[in-house]
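Novice: Supplied in structure tokens, the structure appears directly below.
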Amino acid sequence: MVQVANLGKQVTTGDSALTILEGVSFEVQAGEAVAVVGASGSGKSTLLGLLAGLDTPTSGSVHISGEDLFALDEDGRAALRARLLGFVFQSFNLLPAMTALENVMLPLELAGARGAAAEAKALLERVGLAARLDHYPKQLSGGEQQRVAIARAFATKPSLLLADEPTGNLDAATGAAIIDLMFELNRERGTTLVLVTHDLELSRRCGRALRLAGGVLQA
Amino acid sequence: MRLTADLALALRLLARDWRAGELTLVAVAVVVAVASVTTVGFFADRVQQALTRQANQLLGADLVISGDRPLDRDYAGEAAKRSLTVARMLRFPSMASGGGQNVLAEIKVVTAGYPLRGDLRIADQLHGTDRKATEIPQPGTVWVDERLLSRLGVAVGDRITIGVSQLPIAQVITQEPDSAIGFINAGPRVLLNDVDIAATGLIQVGSRVRYRLLVSGEPQEIASYRAWVTPKLGAGQRVESIEDARPEIRSALERAEKFLSLAALLSVVLAAVAIALAARRFLQRHLDACAIMRCHGASQRRLVTLYLTQFVALGATASLAGCLAGFLAQHALALWLGTLVTVELPEPGLMPALHGVVAGMALLLGFALPPVVALAKVPTLRVLRRDIGAPSGMGWLGYGLGIAVIAALILWKAGDPKLGGLVFAGFAGAMLVAGAVAWGVIALLSRLGGSGVSWRFGIANLRRRRLASVLQVVALGIGVMALLTLTIIRSELLDLWQRSLPPDAPNRFIVNIQPDQVPALQKFFAGRNMAMPELHPMVRARLLKINEREVSPADYADDRARRLVDREFNLSWATKMQKDNRIVAGNWWPADTPKREQFSMEDGIAKNLGVKIGDRLTFDAAGSTFSAEVTSLRKVDWDSFNVNFFVVAPPGLIERYPASYVSSFHLPPGNIELLNALVKTFPNLLLIDVAQVLTQVQTMITQVSRAVQFVFLFTLMAGLVVLYAAIASTQDERLYQATIMRTLGASRGQLARANLAEFAMIGVLAGLIAAAGANALGYVIASRIINVEYAFSLALWGIGIGCSLLGVIVAGHLGTRWVLKVAPLRVLRMLS
């Protein structure tokens with residue numbers, strides 16, 4: 001599903017170059033759940049951004065479902081994301097001007113899918129928010145917002161779900177409920193999961209953990 | 001397929017943004033701008049249409065030949081030969097007396113058949129039911145209008161004196177064609193049968209008679225007659241038909257429309273500021289949405305398409321709403337102007353609406369396009385890294401397109417690059433100066449500091465959001481300034497001008513004194529122990545040539561110059577220069593041995609006509625010509641109300657031409673008896689009441705400035721929209737700050753007082769700028785145009801500052817009160 005080969009990322013600040021990732025290589029099989037763990041600043045989020053094609057690497061390559069991500073231009077990568085990827089973010093990233101239902105509908109609408117509203121409604125019911133369809137993000141609690149974000153991530157039936165600290169902004173109990181939900185949906189839909197976390201409990205639930213330290217993958 | 005789907009998606013996104021209130025300010029700004037432009041457009045269109053539709057009514061015929069000397073008999077003869085219907089008409093001003101009163105009336109003398117087109121309506125008595133007149137007044141009777149009846153206090157059946165004739169009033173005129181379109185009301189009307197004119201003794205040398213030949217018939221015959229008569233027209237003669245009827249009204253209307261359109265653009269400029277602010281906020285609030293949509297696979301191009309479609313749909317809807325508002329507002333304008341427009345106005349056409357939509361769309365896209373393009377470039381990585389902000393390319397350069405749009409709109413409405421450039425520079429200059437002042441004062445205030453937590457926070461807010469504060473001050477200041485200038489400054493200037501006239505300044509002009517009446521007139525004044533007013537001889541002549549160049553109205557672009565060349569000049573002769581004249585170039589002739597052939601010309605008219613010292617002018621008086629060199633240019637103090645002349649010759653050059661005399665004198669208040677006796681003894685004299693003329697001018701200025709005031713109401717509205725847009729653009733920041741402060745223990749009262757301090761400063765500054773600007777405008781008008789000493793008005797400062805202070809505090813409170821009501825915890829959660 002995912003092949004990462006010799007991935008590196010450097011940023012130049014003034015005269016000095018800062019290495020964020022270096023020589024990272026790994027594979028993720030379809031249906032697998034993989035956690036990326038490491039201390040703050042170890043390059044976890046950068047790795048996730050590169051897996052999603054949200055940023056470009058300094059060296060190396062990423063293949064998703066056999067396609068070379070960085071051989072595509074930005075619009076090509078956008079099309080690939082639309083087809084294959086789903087996202088869950090630490091800060092939920094719901095659009096404040098849209099209701100819960102509309103937030104979930106958005107990726108379906110962008111894909112031009114029919115029956116977006118019915119599909120989105122079903123997903124919100126599945127995540128336990130049947131009663132909050134018409135609420136705006138600011139009217140929802142953090143846990144509820146993350147449920148909406150998860151429903152949105154699964155709306156386009158992605159093959160690969162990327163999650164960036166999905167419980168980072170939630171208390172322990174709510175976080176646990178969110179994790180349960182994510183794994184349930186993952187199982188139901190056979191999605192491959194790559195998540196960044198420093199929640200040990202969460203990483204333990206994944207089949208495998210990739211440990212990053214100073215931008216380098218630890219054995 | 002994709003396109004339709006995207007259109008639908010864009011509309012859905014628009015509906016969502018609209019519902020969430022993200023676009024309200026943009027829409028309101030567009031509505032105000034379009035309403036302002038279309039109000040003027042619709043109204044002008046209605047008046048234009050009235051002119052076109054009623055053109056033959058306005059003429060009273062299909063074709064009219066007019067001139068200031070009797071028309072060639074062949075003109076009527078040829079028309080009759082071509083089976084066209086003709087009628088003749090004379091118009092001139094004269095005194096009409098009755099009921100112990102005198103009034104300067106407009107006499108219209110007509111032959112049978114008048115009017116050839118349009119309706120003349122009459123009634124048997126004042127306010128009686130009117131009917132269409134089927135004939136003209138019977139010989140020996142007159143018809144008069146309501147104004148004459150009320151001014152003289154007479155009724156149908158009473159006799160009035162016109163010249164030396166006493167004629168009974170037979171009917172009241174309720175409506176006549178070929179009269180005023182209502183912009184400038186001439187004197188009260190007296191309609192007289194042509195056979196009675198000779199007996200009145202009013203047609204004399206110096207009478208200001210306009211001769212008109214009315215012609216009607218089949219369009220083809222009219223066209224061919226026009227082709228025949230046009231080459232035969234002499235100097236001062238003019239032919240008008242329904243295509244080009246009433247050129248003076250048309251050009252006045254065009255000028256008025258241009259002026260009002262440009263005034264309306266001031267609101268457009270302010271609305272543009274609001275749109276720019278609101279679009280910027282839209283951009284900031286949609287960075288996340290764009291990043292998310294790109295995460296979900298939307299390409300840059302698709303995002304541009306989606307947002308652009310959204311803005312086009314919004315712009316179109318808001319523009320249409322603006323057109324509707326403009327349509328309603330122009331009805332209100334018509335009511336507001338009251339008697340200024342007396343003709344019945346048809347419903348407006350669609351063209352002004354189209355102009356409004358074009359202006360609204362251009363404005364919106366000009367200021368929204370750069371942010372939209374920038375929005376599509378948002379790095380997708382923002383979904384992971386919130387610190388990645390707006391994409392570059394959003395600086396001041398981004399507004400280049402919008403500013404170009406404004407410049408294009410101004411140029412379009414001004415119709416010529418010079419005026420357009422001046423107006424653009426004027427708007428930009430006013431905004432820059434006001435902006436610089438506001439910037440400086442805010443900087444000064446933040447240095448001064450002050451006591452009290454709320455006050456310090458208020459000032460700190462101004463400083464921290466300096467650009468937003470400056471924009472608020474400028475927009476409101478300009479809106480208030482426009483209104484102050486039109487209300488307080490206007491009435492103050494009129495007062496000043498009137499007070500600047502000496503109390504014994506002449507208040508009556510006597511025109512049309514025949515040479516043989518001079519001894520009798522002297523006796524008349526001597527018999528009443530009054531000093532004989534100074535008499536000035538006057539010869540009417542047409543300017544034919546400047547040096548060897550023949551002059552014609554077509555040579556001049558300037559309207560005043562055209563009119564001057566088209567009409568006859570009043571020339572005079574004198575040995576000594578009048579006291580209120582001052583030589584600005586050349587020399588006045590010596591009293592003892594003047595060279596006969598020279599002229600002294602008034603400086604202003606010389607400039608209008610392009611005449612310099614040493615130029616030779618040739619005039620035609622009563623068919624014979626004379627010429628002389630211009631040897632001096634004079635500045636004339638017209639405000640003295642003394643009789644003055646554009647062109648004066650030394651004795652000996654023009655005495656042999658038919659002359660009449662003119663004079664002015666001061667009539668002590670209440671001395672009506674003198675006037676009555678004067679008119680009775682010399683019925684041909686025209687007595688012009690300066691006070692009455694001034695009242696008329698004032699009424700006109702008041703009415704015209706009401707139209708401008710109405711347009712400037714939109715400017716004020718646009719200023720308020722800017723205020724709101726600026727508040728909205730800082731809302732998140734305000735919310736965050738208020739939350740932190742409340743978390744740290746600040747009370748709601750303290751925060752409310754901090755806001756109050758901030759808005760009070762904005763209000764005071766806007767008021768100061770408005771009052772200073774209005775005072776400066778007043779000063780320029782006073783010193784440059786009406787030449788009076790300008791007294792800086794304290795009331796103006798009070799009113800300007802008071803009004804804008806109140807307005808800003810109320811609007812600011814309404815715009816920010818919710819910030820104080822939100823529970824801090826909720827804000828912290830939202831912000832996390």
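So you can find residues: chains in the structure tokens are A, B, ... in the order shown, residues in each start at 1, and ligands are numbered from 1 in order.
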What residues in chain A have any atom no more than 7 Å from chain B when counting only C-alpha atoms, and can you write them as a PyMOL selection string?
Specialist: chain A and resi 49+54-55+75+78-82+93+95+97-98+107+109-110+112+138
Novice: What's the 8 Å shell around Phe92 in chain A, counting only C-alpha atoms, without same-chain residues fewer than 6 positions away, as an MDAnalysis selection string?
Specialist: chainID A and resid 145:146 149 166
Novice: Just N, CA and C atoms for this one: save the residues we selected as a PDB file, in the first residue's frame.
Specialist:
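To be explicit, this is the file written out as part.pdb:
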```
ATOM      1  N   GLN A 145     -16.444  17.068  17.873  1.00  0.00           N
ATOM      2  CA  GLN A 145     -15.819  17.626  16.668  1.00  0.00           C
ATOM      3  C   GLN A 145     -14.918  16.578  16.010  1.00  0.00           C
ATOM      4  N   GLN A 146     -14.168  15.828  16.849  1.00  0.00           N
ATOM      5  CA  GLN A 146     -13.277  14.838  16.270  1.00  0.00           C
ATOM      6  C   GLN A 146     -14.072  13.697  15.631  1.00  0.00           C
ATOM      7  N   ALA A 149     -14.901  14.862  12.340  1.00  0.00           N
ATOM      8  CA  ALA A 149     -13.714  14.797  11.482  1.00  0.00           C
ATOM      9  C   ALA A 149     -13.462  13.362  11.010  1.00  0.00           C
ATOM     10  N   PRO A 166      -4.605  12.220  16.685  1.00  0.00           N
ATOM     11  CA  PRO A 166      -6.069  12.394  16.698  1.00  0.00           C
ATOM     12  C   PRO A 166      -6.638  12.598  18.096  1.00  0.00           C
TER      13      PRO A 166
END
```
Novice: Between B:Val648, B:Leu735, B:Leu544, B:Ala526, which is the closest to Trp573 in chain B once you count only C-alpha atoms?
Specialist: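 Between B:Val648, B:Leu735, B:Leu544, B:Ala526, the residue approaching Trp573 in chain B most closely is B:Val648.
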Novice: Mind checking which residues fall within 6 Å of range 210-213 of chain B, counting only C-alpha atoms, ignoring those fewer than 6 positions away in the same chain, and posting them as a list in words?
Specialist: Val64, Ile65, Ser66, Gly67, Asp68, Pro70, Arg88, Met89, Leu90 and Arg91 of chain B
Novice: Please list as a ChimeraX atom specification every residue within 12 Å of range 125-137 of chain A, counting only C-alpha atoms and excluding residues in the same chain fewer than 3 positions away.
Specialist: /A:91-105,117-122,140-155,177-185,188 /B:16,19-20,826,829-831
Novice: Among range 62-154 of chain A, which residues carry a DSSP assignment of helix (DSSP H, G or I), reported as number ranges by chain?
Specialist: A: 69-71, 74-84, 100-110, 116-126, 130-132, 137-139, 142-154
Novice: From the list B:Val268, B:Val28, B:Ile406, B:Val693, which residue is nearest Leu314 in chain B when using only C-alpha atoms?
Specialist: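 Residue with the minimum atom-to-atom distance to Leu314 in chain B: B:Val28.
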